[in-house]
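**Student:** This is the structure I have questions about; it appears just below.
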Amino acid sequence: MPEHEVITLLKRLVSIPSVNPGHTDDVSVSGEMRLAEYLAEWLEARGFALSWDMVEPGRPNLIASYGPDTPKHTLLLESHLDTVGEDGMTIKPFDPLVREGRIYGRGACDTKGPMAAALCAFRPPVLERLAEAGVRLLFVGAMGEEKGNIGAERLVEQGWSADEAIILEPTELAAVNGHKGIFWFQLTVHGISAHGSNPDRGRSAILGMMQVIDQLQKQIARKREQCANTEMGLPTLNIGFIEGGTAVNVVPNRCTIEVDRRLVIGESGEQTRKEIREVLQRLADRGVIQSYDLETIKEGPPFRTAPESALIGRFDRVCREFNVTPRMESAAWYSDAGAISRICSSVVVFGPGSIKQAHTNDEYIVMDELLKGHDILARYLERFAEEMENMQGDR
Ligand SMILES: [Zn+2]
């Protein structure tokens with residue numbers, strides 16, 4: 001039996017390294033350009049019009065479009081191009097291995113598997129039908145997801161928009177219709193230095209920071225108690241980094257923490273920043289800390305698509321056609337969907353493969369699931385075309 005085209009394509013995609021430059025120093029594997037060039041050729045051969053956006057040198061967003069320029073409806077499929085690094089991997093990262101029903105390699109699961117499943121769903125007859133029904137199909141290969149969601153943010157900045165979006169990530173074929181947002185910040189507390197033998201003459205930034213942390217913990221505990229919508233879990237706060245002081249015999253005049261705050265629906269980075277400033281200002285007014293700096297490291301909104309939406313309903317029906325029990329989930333992780341939800345009101349994250357295998361030392365995807373994901377996406381496009389044709393007929 002000849003190899004399925006999805007498997008052939010995935011092996012090819014894995015063999016083209018596209019490691020996020022933030023995850024490697026090795027220029028022979030870093031950057032998204034090689035992969036984007038390959039995809040460009042692939043998409044162009046199928047009639048897509050291409051647009052390049054060189055976000056950083058050698059690091060493009062590739063935007064491929066099929067269908068009318070003034071569409072009635074725009075459907076976006078987005079996949080990040082980058083992978084995490086290959087350090088410590090126990091398999092060959094860029095030499096895909098097929099064994100026991102799995103394909104091994106960096107990116108096999110996150111997210112070249114879901115990407116290959118979608119690309120092979122772009123069959124000429126269905127592309128034609130979509131275009132004739134007034135649908136513009138956009139495929140975006142986005143750079144920089146694994147560190148900062150830079151490519152997706154850029155799409156938003158550039159004014160792209162869509163009516164519906166499918167973000168291709170390994171979700172074990174669940175339709176993830178919402179996930180948390182993030183607000184990462186760096187917080188520095190300033191104190192007053194003095195000789196360690198006379199701490200009363202100074203103001204310890206470390207002792208000040210202890211109070212800050214205590215207050216932040218109390219604040220998040222209150223938020224968790226009061227959280228009205230627990231659909232995507234509770235808001236969280238993790239202090240992932242701390243540094244302060246200069247020497248054992250000096251009262252420290254500086255202490256810094258870095259904090260990972262995860263936002264649920266109803267919360268925003270802006271509001272959270274304001275509330276944290278209020279905590280800091282109160283402590284400054286009481287003289288517990290001398291002063292402070294609050295800097296945002298990264299910020300992205302939570303998203304939620306209504307279960308009643310056409311997008312989720314279609315996934316539900318198509319999954320049933322393939323005897324996949326439809327699952328709708330909310331996730332704690334963050335993805336490009338957060339950014340994309342700013343330019344599209346109906347977003348889902350979907351793909352074969354499991355987040356459990358993402359970023360691992362022996363990353364793989366189960367071939368059966370890969371093919372099932374492909375079947376679902378291909379059928380999704382057909383059903384979508386049908387729906388749009390019927391709408392045209394009704395008019
Ligand atoms: Zn991913």
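By convention in this document, the chains of the structure tokens carry letters A, B, ... by their order, each chain's residues are numbered from 1, and ligands are numbered from 1 in the order they are shown.
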Which residues are close to stretch 347-351 of chain A, i.e. within 10 Å by only C-alpha atoms, leaving aside same-chain residues fewer than 4 positions away? Reply as an MDAnalysis selection string.
**Tutor:** chainID A and resid 76:78 109:111 113:115 117:118 162:179 303:306 309 311:312 315 328:331 335:338 340:343 369:370 372:374 376:377
**Student:** As a list of chain:residue names, please: every residue in stretch 147-178 of chain A that DSSP puts in strand (DSSP E).
**Tutor:**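 Restricting stretch 147-178 of chain A to strand (DSSP E) produces A:Glu164, A:Ala165, A:Ile166, A:Ile167, A:Leu168, A:Ala175, A:Val176, A:Asn177, A:Gly178.
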**Student:** Determine which residues of stretch 143-331 of chain A receive a DSSP assignment of alpha helix (DSSP H), computed from the backbone, and state them as a VMD selection string.
**Tutor:** chain A and resid 150 to 157 205 to 226 269 to 285 310 to 321
**Student:** Which residue is closest to ligand 1? Choose from A:His80, A:Arg203, A:Ala194, A:Gly313 and count only C-alpha atoms and all ligand atoms.
**Tutor:** A:His80
**Student:** I'd like the contact shell of stretch 225-231 of chain A - 8 Å cut-off, only C-alpha atoms, skipping same-chain residues fewer than 3 positions apart - returned as number ranges by chain.
**Tutor:** A: 221-222, 234-235, 265, 330
